[in-house]
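The data block below is work36.csv; it holds CSV, C-alpha atoms.
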chain,number,residue,atom,x,y,z
A,61,MET,CA,110.5,85.7,54.8
A,62,THR,CA,108.9,86.6,51.5
A,63,LYS,CA,105.7,85.1,50.3
A,64,GLU,CA,107.7,83.5,47.5
A,65,SER,CA,110.0,81.7,50.0
A,66,ASN,CA,107.0,80.7,52.1
A,67,LYS,CA,105.6,78.8,49.1
A,68,LEU,CA,108.8,76.8,48.9
A,69,ASP,CA,109.1,76.2,52.6
A,70,PHE,CA,105.8,74.5,53.2
A,71,LYS,CA,106.0,70.8,53.9
A,72,TYR,CA,103.1,68.8,55.5
A,73,ARG,CA,103.8,67.3,58.9
A,74,GLN,CA,101.8,64.5,60.5
A,75,LYS,CA,100.9,64.6,64.1
A,76,THR,CA,103.4,62.6,66.2
A,77,HIS,CA,102.7,59.8,68.6
A,78,ASN,CA,103.8,62.0,71.5
A,79,GLN,CA,101.3,64.7,70.4
A,80,LEU,CA,98.5,62.2,70.2
A,81,LYS,CA,99.4,60.8,73.6
A,82,ALA,CA,99.4,64.2,75.2
A,83,ASN,CA,96.1,65.0,73.6
A,84,TYR,CA,94.6,61.8,75.0
A,85,ASN,CA,96.1,62.3,78.4
A,86,SER,CA,94.8,65.9,78.6
A,87,ARG,CA,91.3,64.7,78.1
A,88,GLU,CA,91.9,61.7,80.5
A,89,LYS,CA,92.9,64.1,83.3
A,90,LYS,CA,89.6,66.0,82.8
A,91,ASN,CA,87.7,62.7,82.8
A,92,LEU,CA,86.3,63.5,79.3
A,93,ASN,CA,87.4,60.2,77.6
A,94,ASP,CA,85.2,57.3,76.7
A,95,PHE,CA,88.0,55.7,74.8
A,96,ALA,CA,89.0,52.5,76.6
A,97,HIS,CA,92.7,53.4,76.6
A,98,LEU,CA,95.3,55.2,74.6
A,99,GLU,CA,95.6,52.4,72.0
A,100,ASP,CA,91.9,52.5,71.4
A,101,PHE,CA,92.1,56.3,70.7
A,102,LEU,CA,95.2,55.8,68.5
A,103,THR,CA,93.5,53.1,66.5
A,104,TRP,CA,90.5,55.4,65.9
A,105,TYR,CA,92.7,58.4,65.0
A,106,ILE,CA,94.8,56.4,62.5
A,107,LYS,CA,91.7,55.3,60.6
A,108,GLN,CA,90.4,58.8,60.2
A,109,LYS,CA,90.8,60.6,56.9
A,110,LYS,CA,92.7,63.8,57.6
A,111,VAL,CA,89.8,66.0,56.3
A,112,CYS,CA,87.6,68.3,58.3
A,113,HIS,CA,84.2,66.6,58.9
A,114,TYR,CA,82.4,70.0,58.5
A,115,CYS,CA,84.0,71.9,55.7
A,116,GLY,CA,86.2,69.4,53.8
A,117,LEU,CA,89.5,71.3,54.4
A,118,THR,CA,92.4,68.8,54.5
A,119,GLU,CA,95.0,68.8,57.2
A,120,SER,CA,97.6,69.7,54.7
A,121,GLN,CA,95.6,72.7,53.4
A,122,SER,CA,95.1,73.9,57.0
A,123,GLN,CA,98.8,73.6,57.7
A,124,GLU,CA,99.7,75.5,54.5
A,125,ILE,CA,97.4,78.3,55.5
A,126,VAL,CA,99.0,78.6,58.9
A,127,ILE,CA,102.6,78.1,58.0
A,128,ARG,CA,102.5,80.5,55.0
A,129,GLY,CA,100.8,83.1,57.2
A,130,LEU,CA,97.7,83.4,55.0
A,131,LEU,CA,95.7,83.7,58.2
A,132,THR,CA,97.1,84.6,61.6
A,133,SER,CA,96.3,84.0,65.2
A,134,ASN,CA,98.1,84.2,68.5
A,135,ARG,CA,97.3,80.4,68.8
A,136,PHE,CA,99.2,79.6,65.6
A,137,PRO,CA,102.9,78.8,65.5
A,138,GLN,CA,104.9,82.0,65.3
A,139,ASN,CA,107.6,82.3,62.6
A,140,GLY,CA,107.1,78.6,61.8
A,141,LYS,CA,108.0,77.5,65.4
A,142,ILE,CA,105.6,75.2,67.1
A,143,LYS,CA,105.4,75.8,70.8
A,144,GLN,CA,103.0,74.7,73.6
A,145,GLY,CA,99.8,76.7,73.2
A,146,LYS,CA,100.9,77.8,69.7
A,147,SER,CA,100.1,74.9,67.5
A,148,ARG,CA,96.4,75.3,66.7
A,149,GLY,CA,95.6,75.2,63.0
A,150,MET,CA,98.5,72.9,62.3
A,151,TRP,CA,96.5,69.6,62.6
A,152,LEU,CA,92.9,68.7,62.5
A,153,GLU,CA,91.4,68.6,66.0
A,154,VAL,CA,89.4,65.9,67.7
A,155,ASP,CA,85.9,67.3,68.0
A,156,ARG,CA,82.9,65.9,69.9
A,157,LYS,CA,79.8,65.8,67.6
A,158,ASN,CA,77.7,66.3,70.7
A,159,PRO,CA,79.7,68.6,73.0
A,160,MET,CA,77.7,67.4,76.1
A,161,LYS,CA,79.0,63.8,75.7
A,162,PRO,CA,82.5,62.5,76.3
A,163,TYR,CA,85.1,61.8,73.6
A,164,SER,CA,84.5,58.4,72.1
A,165,LYS,CA,84.7,56.6,68.8
A,166,ASN,CA,81.0,57.3,68.1
A,167,ASN,CA,81.1,60.9,69.3
A,168,CYS,CA,84.3,62.2,67.7
A,169,VAL,CA,85.3,63.5,64.3
A,170,LEU,CA,88.3,65.4,63.0
A,171,ALA,CA,87.7,69.2,62.5
A,172,CYS,CA,89.9,72.0,61.2
A,173,TYR,CA,90.8,74.8,63.7
A,174,PHE,CA,88.4,77.2,61.9
A,175,CYS,CA,85.3,74.9,62.3
A,176,ASN,CA,86.2,73.5,65.7
A,177,ASN,CA,86.8,77.0,67.1
A,178,ASP,CA,83.6,78.3,65.4
A,179,LYS,CA,81.4,75.3,66.4
A,180,SER,CA,82.9,75.4,70.0
A,181,ASP,CA,80.4,73.8,72.4
A,182,VAL,CA,77.5,75.8,70.9
A,183,PHE,CA,76.4,73.4,68.2
A,184,ASP,CA,76.1,69.7,67.8
A,185,ALA,CA,77.6,68.3,64.5
A,186,GLU,CA,74.3,68.4,62.5
A,187,ASP,CA,73.3,71.8,63.6
A,188,TYR,CA,76.7,73.2,62.8
A,189,LYS,CA,76.7,71.8,59.3
A,190,HIS,CA,73.5,73.7,58.7
A,191,PHE,CA,74.9,76.9,60.3
A,192,PHE,CA,77.6,77.6,57.9
A,193,GLN,CA,77.6,77.5,54.1
A,194,ASN,CA,80.7,78.7,52.3
A,195,ARG,CA,83.7,78.4,54.7
A,196,PHE,CA,85.6,75.8,52.6
A,197,GLU,CA,85.2,77.9,49.4
A,198,PHE,CA,86.6,81.0,51.2
A,199,LEU,CA,89.7,79.0,52.5
A,200,LYS,CA,90.1,77.3,49.1
A,201,GLN,CA,90.0,80.7,47.3
A,202,LEU,CA,92.5,82.1,49.8
A,203,LEU,CA,94.9,79.3,48.9
A,204,GLU,CA,94.4,79.8,45.2
A,205,LYS,CA,94.8,83.6,45.3
A,206,ASN,CA,98.2,83.2,47.1
A,207,LYS,CA,99.8,80.4,44.9

Let me see whether you can do it: turn the structure in this file into structure tokens.
Amino acid sequence: MTKESNKLDFKYRQKTHNQLKANYNSREKKNLNDFAHLEDFLTWYIKQKKVCHYCGLTESQSQEIVIRGLLTSNRFPQNGKIKQGKSRGMWLEVDRKNPMKPYSKNNCVLACYFCNNDKSDVFDAEDYKHFFQNRFEFLKQLLEKNK
């Protein structure tokens, strides 16, 4: 696929109910949830703006970077095909502001793959915001250069 055809092929896809349910159940099995139940989590998720809490990258921009291959990772979908273990970067991820506390309405934000991976369990939300300075500008310029 050429870069030109990649530009035409990109179409934003929202996370499905089944994906959200699997995400919730995965945390539930590890006893990391403080959401009362799946519906509580879904209600929280639906209300969230699909913008990274840390850098401001939108979910659509993140998907475009991944689908068009502007940045690559073994964790990203390969050849546009989403498989288990190969979907990072496609959607904003549920991040714990304080990584030592469980997932809950008050402790969760949406984060892009780049910030969530970088923040990891090293920083809390406030410390991480101070840690980085120009990530969004880099990603935005990457998109602009390749349009």

Give me the range 170-201 of chain A side of the contact with range 124-145 of chain A, cut-off 12 Å, one line per residue showing its nearest atom pair and distance in Å at one decimal, counting all atoms listed in the file, sorted by chain and residue number, as a tab-separated table.
residue	atom	partner	partner_atom	distance
A:Cys172	CA	A:Ile125	CA	11.3
A:Tyr173	CA	A:Phe136	CA	9.9
A:Phe174	CA	A:Leu131	CA	10.5
A:Asn177	CA	A:Arg135	CA	11.2
A:Phe198	CA	A:Leu131	CA	11.8
A:Leu199	CA	A:Ile125	CA	8.3
A:Lys200	CA	A:Ile125	CA	9.8
A:Gln201	CA	A:Leu130	CA	11.2

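Rounded to one decimal, CA of Lys75 in chain A and CA of Asn206 in chain A lie 25.3 Å from each other.
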
For CA of Lys189 in chain A and CA of Trp104 in chain A, quote the distance in Å rounded to one decimal.
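Pair CA of Lys189 in chain A / CA of Trp104 in chain A returns 22.4 Å.
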
Can you work out which one of A:Ser86, A:Asn158, A:Ser180, A:Gln74 has the shortest atom-to-atom distance to Ile106 in chain A, counting all atoms listed in the file?
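The answer is A:Gln74, which sits nearest to Ile106 in chain A.
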
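Going from CA of Gln79 in chain A to CA of Lys146 in chain A covers 13.1 Å.
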
Find, counting all atoms listed in the file, the residue in A:Asn91, A:Asn85, A:Gln123, A:Gln108 that gets nearest to Trp151 in chain A.
A:Gln123

Option closest in space to Ala171 in chain A, from A:Glu99, A:Asp69, A:Asp155, A:Glu88 [counting only C-alpha atoms]:
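Once distances to Ala171 in chain A are computed over only C-alpha atoms, the minimum belongs to A:Asp155.
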
Minimum-distance residue to Cys175 in chain A, chosen among A:Ser120, A:Arg148, A:Tyr114, A:Lys205 (using only C-alpha atoms):
A:Tyr114

With only C-alpha atoms as the basis for distance, which of A:Pro159, A:Phe95, A:Leu152, A:Phe101 is at the shortest distance from Asp181 in chain A?
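Among the listed residues, A:Pro159 lies closest to Asp181 in chain A.
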
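Counting all atoms listed in the file, the residue from A:Cys115, A:Arg156, A:Lys179, A:Asp187 that sits nearest to Arg87 in chain A is A:Arg156.
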